[in-house]
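Asker: The file below is upload.cif, mmCIF, C-alpha atoms:
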```cif
data_my_file
loop_
_atom_site.group_PDB
_atom_site.id
_atom_site.type_symbol
_atom_site.label_atom_id
_atom_site.label_comp_id
_atom_site.auth_asym_id
_atom_site.auth_seq_id
_atom_site.Cartn_x
_atom_site.Cartn_y
_atom_site.Cartn_z
ATOM 1 C CA MET A 24 -5.589 2.239 10.488
ATOM 2 C CA ALA A 25 -7.526 4.764 12.538
ATOM 3 C CA VAL A 26 -11.013 5.782 13.726
ATOM 4 C CA TYR A 27 -12.496 8.851 12.061
ATOM 5 C CA THR A 28 -16.143 7.772 11.998
ATOM 6 C CA ASP A 29 -17.895 6.528 15.130
ATOM 7 C CA VAL A 30 -19.834 3.294 14.725
ATOM 8 C CA SER A 31 -22.442 2.294 17.319
ATOM 9 C CA ARG A 32 -23.553 -1.136 18.409
ATOM 10 C CA ALA A 33 -26.889 -0.490 16.697
ATOM 11 C CA ASP A 34 -25.043 0.371 13.459
ATOM 12 C CA LEU A 35 -23.194 -2.929 13.539
ATOM 13 C CA GLU A 36 -26.198 -5.006 14.468
ATOM 14 C CA GLY A 37 -28.126 -3.451 11.585
ATOM 15 C CA LEU A 38 -25.296 -4.337 9.185
ATOM 16 C CA LEU A 39 -25.056 -7.905 10.459
ATOM 17 C CA THR A 40 -28.738 -8.608 9.762
ATOM 18 C CA LYS A 41 -27.737 -8.794 6.087
ATOM 19 C CA PHE A 42 -25.126 -11.514 6.710
ATOM 20 C CA ASP A 43 -25.196 -15.070 8.049
ATOM 21 C CA LEU A 44 -22.013 -14.738 10.105
ATOM 22 C CA GLY A 45 -23.386 -14.692 13.644
ATOM 23 C CA THR A 46 -24.373 -12.273 16.379
ATOM 24 C CA LEU A 47 -22.366 -9.357 17.713
ATOM 25 C CA VAL A 48 -20.331 -9.974 20.863
ATOM 26 C CA ASP A 49 -17.993 -6.977 20.952
ATOM 27 C CA PHE A 50 -16.241 -4.391 18.780
ATOM 28 C CA LYS A 51 -13.346 -1.985 19.217
ATOM 29 C CA GLY A 52 -11.839 0.806 17.133
ATOM 30 C CA ILE A 53 -8.320 0.263 15.764
ATOM 31 C CA GLU A 54 -5.973 3.181 16.360
ATOM 32 C CA GLY A 55 -3.062 4.216 14.168
ATOM 33 C CA GLY A 56 -2.640 4.644 10.432
ATOM 34 C CA ILE A 57 -3.902 7.446 8.248
ATOM 35 C CA GLU A 58 -6.735 6.915 5.792
ATOM 36 C CA ASN A 59 -9.620 4.676 6.887
ATOM 37 C CA THR A 60 -11.764 3.869 9.926
ATOM 38 C CA ASN A 61 -11.302 0.310 11.189
ATOM 39 C CA TYR A 62 -12.938 -1.764 13.908
ATOM 40 C CA PHE A 63 -12.198 -5.208 15.281
ATOM 41 C CA VAL A 64 -15.513 -7.064 15.454
ATOM 42 C CA THR A 65 -16.188 -10.259 17.421
ATOM 43 C CA LEU A 66 -19.151 -12.409 16.403
ATOM 44 C CA CYS A 67 -20.592 -15.568 17.867
ATOM 45 C CA ASP A 68 -21.307 -18.017 15.052
ATOM 46 C CA ASN A 69 -24.132 -20.552 14.833
ATOM 47 C CA GLU A 70 -22.035 -23.171 16.660
ATOM 48 C CA GLY A 71 -21.406 -20.867 19.605
ATOM 49 C CA ASP A 72 -17.770 -20.065 18.740
ATOM 50 C CA ASN A 73 -16.368 -16.532 18.640
ATOM 51 C CA GLN A 74 -14.928 -15.413 15.311
ATOM 52 C CA GLU A 75 -12.909 -12.257 14.596
ATOM 53 C CA TYR A 76 -13.537 -9.784 11.768
ATOM 54 C CA VAL A 77 -12.471 -6.304 10.669
ATOM 55 C CA LEU A 78 -14.967 -3.639 9.601
ATOM 56 C CA THR A 79 -13.471 -0.927 7.391
ATOM 57 C CA LEU A 80 -15.149 2.382 6.532
ATOM 58 C CA PHE A 81 -13.457 4.182 3.659
ATOM 59 C CA GLU A 82 -12.900 7.861 4.343
ATOM 60 C CA GLU A 83 -11.374 8.890 0.991
ATOM 61 C CA LEU A 84 -12.595 6.342 -1.572
ATOM 62 C CA ASN A 85 -16.135 6.736 -2.859
ATOM 63 C CA GLN A 86 -18.666 4.044 -3.725
ATOM 64 C CA GLU A 87 -17.838 4.183 -7.440
ATOM 65 C CA GLU A 88 -14.159 3.433 -6.767
ATOM 66 C CA MET A 89 -14.761 0.479 -4.470
ATOM 67 C CA PRO A 90 -15.645 -2.343 -6.912
ATOM 68 C CA TYR A 91 -12.017 -2.443 -8.098
ATOM 69 C CA PHE A 92 -10.823 -3.265 -4.581
ATOM 70 C CA VAL A 93 -13.636 -5.718 -3.854
ATOM 71 C CA GLU A 94 -12.842 -7.635 -7.025
ATOM 72 C CA LEU A 95 -9.044 -7.409 -6.661
ATOM 73 C CA THR A 96 -8.867 -8.685 -3.089
ATOM 74 C CA THR A 97 -11.272 -11.505 -3.933
ATOM 75 C CA TRP A 98 -9.192 -12.365 -7.023
ATOM 76 C CA LEU A 99 -5.928 -12.403 -5.050
ATOM 77 C CA ALA A 100 -7.323 -14.415 -2.141
ATOM 78 C CA GLU A 101 -8.684 -17.038 -4.544
ATOM 79 C CA ARG A 102 -5.151 -17.398 -5.925
ATOM 80 C CA GLY A 103 -3.565 -17.987 -2.546
ATOM 81 C CA CYS A 104 -2.343 -14.489 -1.699
ATOM 82 C CA PRO A 105 -2.621 -13.755 2.054
ATOM 83 C CA VAL A 106 -4.898 -10.726 1.735
ATOM 84 C CA PRO A 107 -8.165 -9.903 3.546
ATOM 85 C CA PHE A 108 -11.157 -10.459 1.277
ATOM 86 C CA PRO A 109 -14.653 -9.001 1.715
ATOM 87 C CA TYR A 110 -17.502 -11.173 2.930
ATOM 88 C CA LYS A 111 -20.648 -11.168 0.815
ATOM 89 C CA ASP A 112 -24.087 -10.971 2.366
ATOM 90 C CA ARG A 113 -26.786 -13.520 1.732
ATOM 91 C CA ASN A 114 -27.597 -11.749 -1.555
ATOM 92 C CA GLY A 115 -23.989 -11.977 -2.752
ATOM 93 C CA ILE A 116 -23.212 -8.288 -2.109
ATOM 94 C CA ALA A 117 -20.013 -7.292 -0.276
ATOM 95 C CA LEU A 118 -20.000 -3.501 -0.549
ATOM 96 C CA LYS A 119 -22.129 -1.697 2.048
ATOM 97 C CA MET A 120 -22.678 1.917 3.107
ATOM 98 C CA MET A 121 -22.432 3.151 6.698
ATOM 99 C CA HIS A 122 -22.674 6.800 7.735
ATOM 100 C CA GLY A 123 -22.367 7.740 4.069
ATOM 101 C CA ARG A 124 -19.116 5.841 3.649
ATOM 102 C CA PRO A 125 -18.373 2.622 1.751
ATOM 103 C CA ALA A 126 -17.885 -0.271 4.172
ATOM 104 C CA LEU A 127 -16.547 -3.833 3.990
ATOM 105 C CA LEU A 128 -16.545 -6.671 6.502
ATOM 106 C CA GLN A 129 -13.437 -8.842 6.227
ATOM 107 C CA PRO A 130 -11.712 -11.621 8.189
ATOM 108 C CA ARG A 131 -9.249 -10.663 10.890
ATOM 109 C CA LEU A 132 -6.070 -12.430 9.807
ATOM 110 C CA ALA A 133 -3.661 -13.890 12.351
ATOM 111 C CA GLY A 134 -0.369 -12.281 13.302
ATOM 112 C CA ASN A 135 1.213 -9.080 14.518
ATOM 113 C CA HIS A 136 3.296 -6.239 13.165
ATOM 114 C CA ILE A 137 7.076 -6.673 13.228
ATOM 115 C CA GLU A 138 9.187 -3.891 14.698
ATOM 116 C CA LYS A 139 12.704 -5.198 13.966
ATOM 117 C CA LEU A 140 13.000 -6.432 10.404
ATOM 118 C CA THR A 141 15.481 -9.136 9.424
ATOM 119 C CA PRO A 142 16.602 -10.527 6.050
ATOM 120 C CA SER A 143 14.179 -13.425 6.640
ATOM 121 C CA HIS A 144 11.229 -11.036 6.933
ATOM 122 C CA CYS A 145 12.356 -9.231 3.782
ATOM 123 C CA ALA A 146 12.718 -12.480 1.867
ATOM 124 C CA GLN A 147 9.203 -13.516 2.853
ATOM 125 C CA ILE A 148 7.666 -10.238 1.730
ATOM 126 C CA GLY A 149 9.671 -10.470 -1.504
ATOM 127 C CA THR A 150 8.131 -13.850 -2.253
ATOM 128 C CA ALA A 151 4.645 -12.666 -1.286
ATOM 129 C CA LEU A 152 4.892 -9.532 -3.417
ATOM 130 C CA ALA A 153 6.057 -11.545 -6.422
ATOM 131 C CA GLN A 154 3.089 -13.907 -5.929
ATOM 132 C CA PHE A 155 0.789 -10.866 -5.678
ATOM 133 C CA HIS A 156 2.215 -9.529 -8.936
ATOM 134 C CA GLN A 157 1.976 -12.859 -10.745
ATOM 135 C CA ALA A 158 -1.668 -13.189 -9.709
ATOM 136 C CA GLY A 159 -2.425 -9.548 -10.525
ATOM 137 C CA ARG A 160 -0.977 -9.494 -14.039
ATOM 138 C CA ASP A 161 -4.128 -11.196 -15.357
ATOM 139 C CA PHE A 162 -6.572 -9.180 -13.251
ATOM 140 C CA TYR A 163 -9.360 -7.966 -15.508
ATOM 141 C CA LEU A 164 -9.861 -4.438 -14.095
ATOM 142 C CA GLN A 165 -7.518 -1.455 -14.234
ATOM 143 C CA ARG A 166 -7.161 1.604 -12.036
ATOM 144 C CA GLN A 167 -5.032 4.715 -12.308
ATOM 145 C CA ALA A 168 -2.908 5.444 -9.246
ATOM 146 C CA HIS A 169 -4.455 7.959 -6.844
ATOM 147 C CA ARG A 170 -1.017 9.485 -6.274
ATOM 148 C CA GLY A 171 0.753 8.572 -9.479
ATOM 149 C CA VAL A 172 2.598 10.409 -12.196
ATOM 150 C CA PHE A 173 -0.106 13.005 -12.946
ATOM 151 C CA TRP A 174 -0.523 13.735 -9.250
ATOM 152 C CA TRP A 175 3.164 14.228 -8.539
ATOM 153 C CA ARG A 176 3.641 16.404 -11.627
ATOM 154 C CA ARG A 177 0.903 18.728 -10.390
ATOM 155 C CA GLU A 178 1.704 18.667 -6.684
ATOM 156 C CA SER A 179 5.451 19.136 -7.117
ATOM 157 C CA GLN A 180 4.785 22.354 -9.018
ATOM 158 C CA GLN A 181 2.261 23.629 -6.486
ATOM 159 C CA ILE A 182 4.444 22.972 -3.464
ATOM 160 C CA ALA A 183 7.678 24.292 -4.979
ATOM 161 C CA ARG A 184 7.152 27.827 -3.623
ATOM 162 C CA LYS A 185 7.075 26.454 -0.058
ATOM 163 C CA LEU A 186 10.405 24.661 -0.427
ATOM 164 C CA SER A 187 14.020 25.691 -0.486
ATOM 165 C CA GLU A 188 15.412 26.246 -3.958
ATOM 166 C CA GLU A 189 17.464 23.054 -3.590
ATOM 167 C CA ASP A 190 14.500 20.882 -2.618
ATOM 168 C CA ALA A 191 12.253 22.368 -5.299
ATOM 169 C CA GLU A 192 14.891 21.609 -7.900
ATOM 170 C CA LEU A 193 15.337 18.065 -6.577
ATOM 171 C CA LEU A 194 11.607 17.378 -6.858
ATOM 172 C CA ARG A 195 11.501 18.834 -10.359
ATOM 173 C CA THR A 196 14.480 16.726 -11.457
ATOM 174 C CA GLU A 197 13.048 13.468 -10.146
ATOM 175 C CA VAL A 198 9.689 14.064 -11.811
ATOM 176 C CA GLU A 199 11.451 14.754 -15.115
ATOM 177 C CA LEU A 200 13.652 11.663 -14.800
ATOM 178 C CA PHE A 201 10.618 9.436 -14.360
ATOM 179 C CA ASP A 202 8.988 11.024 -17.396
ATOM 180 C CA GLN A 203 12.150 10.188 -19.349
ATOM 181 C CA LEU A 204 11.989 6.594 -18.113
ATOM 182 C CA ARG A 205 8.387 6.286 -19.316
ATOM 183 C CA GLU A 206 9.478 7.431 -22.780
ATOM 184 C CA GLN A 207 11.894 4.500 -23.110
ATOM 185 C CA SER A 208 10.780 1.555 -25.260
ATOM 186 C CA TRP A 209 11.392 -0.865 -22.401
ATOM 187 C CA ALA A 210 7.891 -2.343 -22.058
ATOM 188 C CA LEU A 211 8.336 -2.827 -18.324
ATOM 189 C CA PRO A 212 5.917 -5.429 -16.939
ATOM 190 C CA GLN A 213 2.724 -3.960 -15.520
ATOM 191 C CA GLY A 214 -0.264 -5.239 -13.614
ATOM 192 C CA ALA A 215 -2.083 -4.814 -10.322
ATOM 193 C CA ILE A 216 0.305 -3.467 -7.666
ATOM 194 C CA HIS A 217 -0.166 -2.965 -3.926
ATOM 195 C CA GLY A 218 1.154 0.613 -3.981
ATOM 196 C CA ASP A 219 1.708 0.989 -0.229
ATOM 197 C CA LEU A 220 3.307 -2.185 1.126
ATOM 198 C CA PHE A 221 5.140 -0.668 4.080
ATOM 199 C CA PHE A 222 6.125 -3.064 6.836
ATOM 200 C CA ASP A 223 3.199 -1.959 9.009
ATOM 201 C CA ASN A 224 0.883 -3.296 6.286
ATOM 202 C CA ALA A 225 2.030 -6.863 6.883
ATOM 203 C CA LEU A 226 1.463 -9.325 9.721
ATOM 204 C CA PHE A 227 3.740 -12.127 10.913
ATOM 205 C CA ASP A 228 2.604 -15.095 12.967
ATOM 206 C CA ASN A 229 5.529 -16.720 14.839
ATOM 207 C CA ASP A 230 7.911 -14.963 12.452
ATOM 208 C CA THR A 231 6.098 -16.280 9.381
ATOM 209 C CA LEU A 232 4.315 -13.861 7.059
ATOM 210 C CA SER A 233 0.575 -14.325 7.561
ATOM 211 C CA ALA A 234 -1.110 -11.314 5.938
ATOM 212 C CA VAL A 235 -0.650 -8.442 3.509
ATOM 213 C CA LEU A 236 -3.020 -5.640 4.476
ATOM 214 C CA ASP A 237 -4.391 -2.304 3.247
ATOM 215 C CA ILE A 238 -4.767 -2.984 -0.467
ATOM 216 C CA TYR A 239 -6.605 0.329 -0.994
ATOM 217 C CA ASN A 240 -3.767 2.119 -2.768
ATOM 218 C CA ALA A 241 -3.675 -0.685 -5.330
ATOM 219 C CA CYS A 242 -3.667 0.315 -8.985
ATOM 220 C CA THR A 243 -2.292 -0.662 -12.363
ATOM 221 C CA GLY A 244 1.404 0.150 -12.557
ATOM 222 C CA TYR A 245 4.956 -1.014 -13.036
ATOM 223 C CA LEU A 246 5.531 -4.136 -10.957
ATOM 224 C CA LEU A 247 9.082 -3.001 -10.273
ATOM 225 C CA PHE A 248 7.880 0.328 -8.863
ATOM 226 C CA ASP A 249 5.907 -1.622 -6.259
ATOM 227 C CA LEU A 250 9.059 -3.521 -5.324
ATOM 228 C CA ALA A 251 10.945 -0.215 -5.054
ATOM 229 C CA ILE A 252 8.382 1.046 -2.520
ATOM 230 C CA VAL A 253 8.984 -2.078 -0.429
ATOM 231 C CA ALA A 254 12.777 -1.825 -0.668
ATOM 232 C CA ASN A 255 12.729 1.803 0.486
ATOM 233 C CA ASP A 256 10.816 0.872 3.634
ATOM 234 C CA TRP A 257 11.659 -2.709 4.596
ATOM 235 C CA CYS A 258 15.391 -2.349 3.947
ATOM 236 C CA VAL A 259 16.108 1.179 5.202
ATOM 237 C CA ASN A 260 18.242 2.228 8.173
ATOM 238 C CA PRO A 261 17.353 5.204 10.416
ATOM 239 C CA ASP A 262 19.857 7.431 8.575
ATOM 240 C CA GLY A 263 18.225 6.772 5.209
ATOM 241 C CA SER A 264 20.837 4.301 4.028
ATOM 242 C CA ILE A 265 19.852 0.878 2.747
ATOM 243 C CA ASP A 266 20.783 -2.325 4.570
ATOM 244 C CA PRO A 267 22.379 -4.437 1.807
ATOM 245 C CA GLN A 268 21.596 -7.771 3.488
ATOM 246 C CA ARG A 269 17.904 -7.038 3.815
ATOM 247 C CA GLU A 270 17.663 -5.637 0.302
ATOM 248 C CA GLN A 271 19.529 -8.586 -1.185
ATOM 249 C CA ALA A 272 17.178 -10.990 0.619
ATOM 250 C CA LEU A 273 14.133 -9.093 -0.645
ATOM 251 C CA LEU A 274 15.274 -8.917 -4.264
ATOM 252 C CA THR A 275 16.595 -12.471 -4.453
ATOM 253 C CA ALA A 276 13.383 -13.970 -3.071
ATOM 254 C CA TYR A 277 11.247 -11.849 -5.381
ATOM 255 C CA ASN A 278 13.349 -12.831 -8.405
ATOM 256 C CA GLU A 279 12.990 -16.525 -7.594
ATOM 257 C CA THR A 280 9.199 -16.265 -7.949
ATOM 258 C CA ARG A 281 8.991 -13.630 -10.706
ATOM 259 C CA PRO A 282 12.326 -13.422 -12.542
ATOM 260 C CA PHE A 283 13.352 -9.902 -13.505
ATOM 261 C CA GLU A 284 13.143 -9.010 -17.175
ATOM 262 C CA GLU A 285 16.153 -7.522 -18.928
ATOM 263 C CA ASN A 286 14.886 -3.947 -19.102
ATOM 264 C CA GLU A 287 13.986 -3.961 -15.409
ATOM 265 C CA TYR A 288 17.695 -3.979 -14.625
ATOM 266 C CA HIS A 289 17.976 -0.641 -16.472
ATOM 267 C CA ALA A 290 14.911 0.865 -14.785
ATOM 268 C CA TRP A 291 15.619 -0.159 -11.181
ATOM 269 C CA PRO A 292 18.085 2.641 -10.246
ATOM 270 C CA GLN A 293 15.541 5.288 -11.209
ATOM 271 C CA LEU A 294 12.472 3.553 -9.842
ATOM 272 C CA VAL A 295 13.849 3.401 -6.292
ATOM 273 C CA ARG A 296 14.492 7.147 -6.577
ATOM 274 C CA THR A 297 10.989 7.781 -7.935
ATOM 275 C CA ALA A 298 9.449 5.736 -5.122
ATOM 276 C CA ALA A 299 11.368 7.778 -2.534
ATOM 277 C CA MET A 300 10.314 11.026 -4.235
ATOM 278 C CA ARG A 301 6.650 10.016 -4.290
ATOM 279 C CA PHE A 302 6.486 9.420 -0.519
ATOM 280 C CA TRP A 303 8.643 12.446 0.247
ATOM 281 C CA LEU A 304 6.131 14.563 -1.666
ATOM 282 C CA SER A 305 3.053 12.942 -0.089
ATOM 283 C CA ARG A 306 4.479 13.678 3.361
ATOM 284 C CA LEU A 307 5.551 17.210 2.493
ATOM 285 C CA ILE A 308 2.043 18.271 1.493
ATOM 286 C CA PRO A 309 0.323 17.836 4.888
ATOM 287 C CA ALA A 310 3.482 18.822 6.786
ATOM 288 C CA LEU A 311 3.497 22.220 5.065
ATOM 289 C CA ASP A 312 -0.268 22.768 5.264
ATOM 290 C CA PRO A 313 -1.232 24.480 8.561
ATOM 291 C CA ASN A 314 -4.861 23.443 8.037
ATOM 292 C CA SER A 315 -4.180 19.754 7.428
ATOM 293 C CA THR A 316 -5.966 17.291 9.712
ATOM 294 C CA GLN A 317 -3.969 14.333 8.383
ATOM 295 C CA LYS A 318 -1.569 12.513 10.668
ATOM 296 C CA ILE A 319 1.872 13.987 9.971
ATOM 297 C CA LYS A 320 4.783 11.688 9.159
ATOM 298 C CA ASP A 321 8.308 13.046 8.834
ATOM 299 C CA PRO A 322 8.994 13.935 5.166
ATOM 300 C CA GLU A 323 12.737 14.143 5.862
ATOM 301 C CA GLU A 324 12.824 10.361 6.209
ATOM 302 C CA PHE A 325 12.201 9.982 2.482
ATOM 303 C CA ARG A 326 14.343 12.977 1.611
ATOM 304 C CA ARG A 327 17.262 11.083 3.186
ATOM 305 C CA ILE A 328 16.380 7.881 1.340
ATOM 306 C CA LEU A 329 16.231 9.768 -1.948
ATOM 307 C CA ALA A 330 19.633 11.344 -1.292
ATOM 308 C CA PHE A 331 21.109 7.913 -0.548
ATOM 309 C CA ARG A 332 19.605 6.406 -3.695
ATOM 310 C CA ILE A 333 21.083 9.223 -5.792
ATOM 311 C CA GLU A 334 24.546 8.839 -4.268
ATOM 312 C CA ASN A 335 24.456 5.029 -4.328
ATOM 313 C CA PRO A 336 22.772 3.814 -7.536
ATOM 314 C CA ALA A 337 20.765 0.680 -6.865
ATOM 315 C CA THR A 338 21.277 -2.620 -8.701
ATOM 316 C CA LEU A 339 19.256 -5.809 -9.075
ATOM 317 C CA PRO A 340 20.906 -9.178 -8.308
#
```
Turn the structure described in the file into C-alpha cells.
Answerer:
Amino acid sequence: MAVYTDVSRADLEGLLTKFDLGTLVDFKGIEGGIENTNYFVTLCDNEGDNQEYVLTLFEELNQEEMPYFVELTTWLAERGCPVPFPYKDRNGIALKMMHGRPALLQPRLAGNHIEKLTPSHCAQIGTALAQFHQAGRDFYLQRQAHRGVFWWRRESQQIARKLSEEDAELLRTEVELFDQLREQSWALPQGAIHGDLFFDNALFDNDTLSAVLDIYNACTGYLLFDLAIVANDWCVNPDGSIDPQREQALLTAYNETRPFEENEYHAWPQLVRTAAMRFWLSRLIPALDPNSTQKIKDPEEFRRILAFRIENPATLP
C-alpha cells in the first residue's frame, strides 16, 4: 500500500454523499507497498459511532478491468473468506472514479501484519488459501494474469541482454520448463487465485488470521501455483532456503481443506521454481531500469529461492 494520488477532504466528502455510511471524521494515507493509493477513513455513522474504512485508488488497473475484482471480492466474502469487499452506494454501485482513477470504499478489517512467522501462521494461511480456492473454482468470471506466462516469456527475452550469461540462461530455462509443464495432459485444477499472497497481504488479530488483503493481482490460474507463491514467501529463510516446519504446516493445512489431486504431486517441484522465477523477474525489471519510479525490492531474494528450489526439489505431503 502507498500514496501516489493526493485525496482532499472535499474529494472524500463528495464521494460520501453517494453512500449512506456516515459523515467524515478523519482520513490518513497508508504508506508502504507498491501499486495502489490507500487511505484509512473514519466515519461517524447515524448512531454516533466511529467506523473504519479503507479507500483504494487504483494506479495501474483501469475502469474496464475493475468489475472482475468487485465481483470476485464480493463473491468470496459472501462465502466466508476474510477478504475486504466493496461497499455499494445507495444506487447499488460500488465502483467509483476519483482523480481519473478507479476507486473503492471497503471495510477496514481488524488485525496487524506479522513480522515473525511460525508454523501456526502458515497453517492458518494454508487453510484460508484452500477456502479461497474452493470458493473461487465456481466463480463465473475469468481473467488472464497481468504478469503470467505471456508476460514472462516476453520480459525474460527483453531483459536478457542486461543480465549475466548465467542468469539469462536460468531465466530462459525456467520459462521453457513451465511451457513443458503446460503441455502435459495433467488437467491441473484451475480457478480464481490470489496471485500475490505474501505475508504482508494478511492480517492477524491476537495471532489469529483475520484478513487476506490486496486481491488485485487475482486471475484465473493453477491453484497450485498460488500455493507455490505463498510457500516461497511464508516459509523462506533469509538465505533463500525453505523452513521445512513452516512449509509442512502450510501444505498439510491446505491439503486438509482442498486435498491435492494426483497430478499436482508431479507439478509441484516445477511450480515452486516457476513462482520464484516470476517474482525474480518482476523485481529485476525495475531494478535494472534507471528511469523506474517503482519501489525497488531486492531481486536477489528470489534468485536465491529459485536456486534452493532447483537444488532441493520440493515435495507435497
Asker: Can you list what the PyMOL selection byres ((chain A and resi 228) around 9) grabs from this structure, as a PyMOL selection string?
Answerer: chain A and resi 133-136+226-227+229-234
Asker: Give me a file of those residues, with C-alpha atoms, as a PDB file, in the frame of the given file.
Answerer:
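Listed below is the output, out_0.pdb:
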```pdb
ATOM      1  CA  ALA A 133      -3.661 -13.890  12.351  1.00  0.00           C
ATOM      2  CA  GLY A 134      -0.369 -12.281  13.302  1.00  0.00           C
ATOM      3  CA  ASN A 135       1.213  -9.080  14.518  1.00  0.00           C
ATOM      4  CA  HIS A 136       3.296  -6.239  13.165  1.00  0.00           C
ATOM      5  CA  LEU A 226       1.463  -9.325   9.721  1.00  0.00           C
ATOM      6  CA  PHE A 227       3.740 -12.127  10.913  1.00  0.00           C
ATOM      7  CA  ASN A 229       5.529 -16.720  14.839  1.00  0.00           C
ATOM      8  CA  ASP A 230       7.911 -14.963  12.452  1.00  0.00           C
ATOM      9  CA  THR A 231       6.098 -16.280   9.381  1.00  0.00           C
ATOM     10  CA  LEU A 232       4.315 -13.861   7.059  1.00  0.00           C
ATOM     11  CA  SER A 233       0.575 -14.325   7.561  1.00  0.00           C
ATOM     12  CA  ALA A 234      -1.110 -11.314   5.938  1.00  0.00           C
TER      13      ALA A 234
END
```
Asker: On this structure, which residues satisfy the PyMOL selection byres ((chain A and resi 154) around 10), written as a PyMOL selection string?
Answerer: chain A and resi 99+102-105+148-153+155-159+277+280-281
Asker: Each side padded by 8 Å, which centre and which edge lengths in Å (one decimal) define the axis-aligned box around the listed atoms of stretch 189-195 of chain A? Give them as AutoDock Vina command-line options.
Answerer:
```
--center_x 14.5 --center_y 20.2 --center_z -6.5 --size_x 22.0 --size_y 21.7 --size_z 23.7
```
Asker: Can you spell out as a list of chain:residue names the set of residues that the PyMOL selection byres ((chain A and resi 196) around 12) selects in the structure I just provided?
Answerer: A:Trp175, A:Arg176, A:Ser179, A:Gln180, A:Glu189, A:Asp190, A:Ala191, A:Glu192, A:Leu193, A:Leu194, A:Arg195, A:Glu197, A:Val198, A:Glu199, A:Leu200, A:Phe201, A:Asp202, A:Gln203, A:Gln293, A:Arg296, A:Thr297, A:Met300, A:Leu329, A:Ile333
Asker: For C-alpha atoms, I'd like the residues from the last selection saved as a short mmCIF file (atom, residue, chain, number, x, y, z; two decimals), in the frame of the given file.
Answerer:
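result_18.cif was written with the following content:
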```cif
data_model
loop_
_atom_site.label_atom_id
_atom_site.label_comp_id
_atom_site.auth_asym_id
_atom_site.auth_seq_id
_atom_site.Cartn_x
_atom_site.Cartn_y
_atom_site.Cartn_z
CA TRP A 175 3.16 14.23 -8.54
CA ARG A 176 3.64 16.40 -11.63
CA SER A 179 5.45 19.14 -7.12
CA GLN A 180 4.78 22.35 -9.02
CA GLU A 189 17.46 23.05 -3.59
CA ASP A 190 14.50 20.88 -2.62
CA ALA A 191 12.25 22.37 -5.30
CA GLU A 192 14.89 21.61 -7.90
CA LEU A 193 15.34 18.07 -6.58
CA LEU A 194 11.61 17.38 -6.86
CA ARG A 195 11.50 18.83 -10.36
CA GLU A 197 13.05 13.47 -10.15
CA VAL A 198 9.69 14.06 -11.81
CA GLU A 199 11.45 14.75 -15.12
CA LEU A 200 13.65 11.66 -14.80
CA PHE A 201 10.62 9.44 -14.36
CA ASP A 202 8.99 11.02 -17.40
CA GLN A 203 12.15 10.19 -19.35
CA GLN A 293 15.54 5.29 -11.21
CA ARG A 296 14.49 7.15 -6.58
CA THR A 297 10.99 7.78 -7.94
CA MET A 300 10.31 11.03 -4.24
CA LEU A 329 16.23 9.77 -1.95
CA ILE A 333 21.08 9.22 -5.79
#
```
Asker: Quick one: pull the distance between atom CA of A:Arg205 and atom CA of A:Glu284, Å, one decimal.
Answerer: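 Calculated distance between atom CA of A:Arg205 and atom CA of A:Glu284 is 16.2 Å.
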Asker: Which residue out of A:Phe283, A:Tyr239, A:Trp98, A:Phe221 has the minimum interatomic distance to A:Glu82 when all atoms listed in the file are used?
Answerer: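 Ranked by minimum distance to A:Glu82, first place goes to A:Tyr239.
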Asker: Rounded to one decimal place, report the atom CA of A:Pro90-atom CA of A:Ala33 distance in Å.
Answerer: 26.2 Å
Asker: Choose the residue, out of A:Ile182, A:Glu94, A:Arg160, A:Thr60, that has the smallest atom-to-atom separation from A:His122; count all atoms listed in the file.
Answerer: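 Looking only at the distances to A:His122, the closest residue turns out to be A:Thr60.
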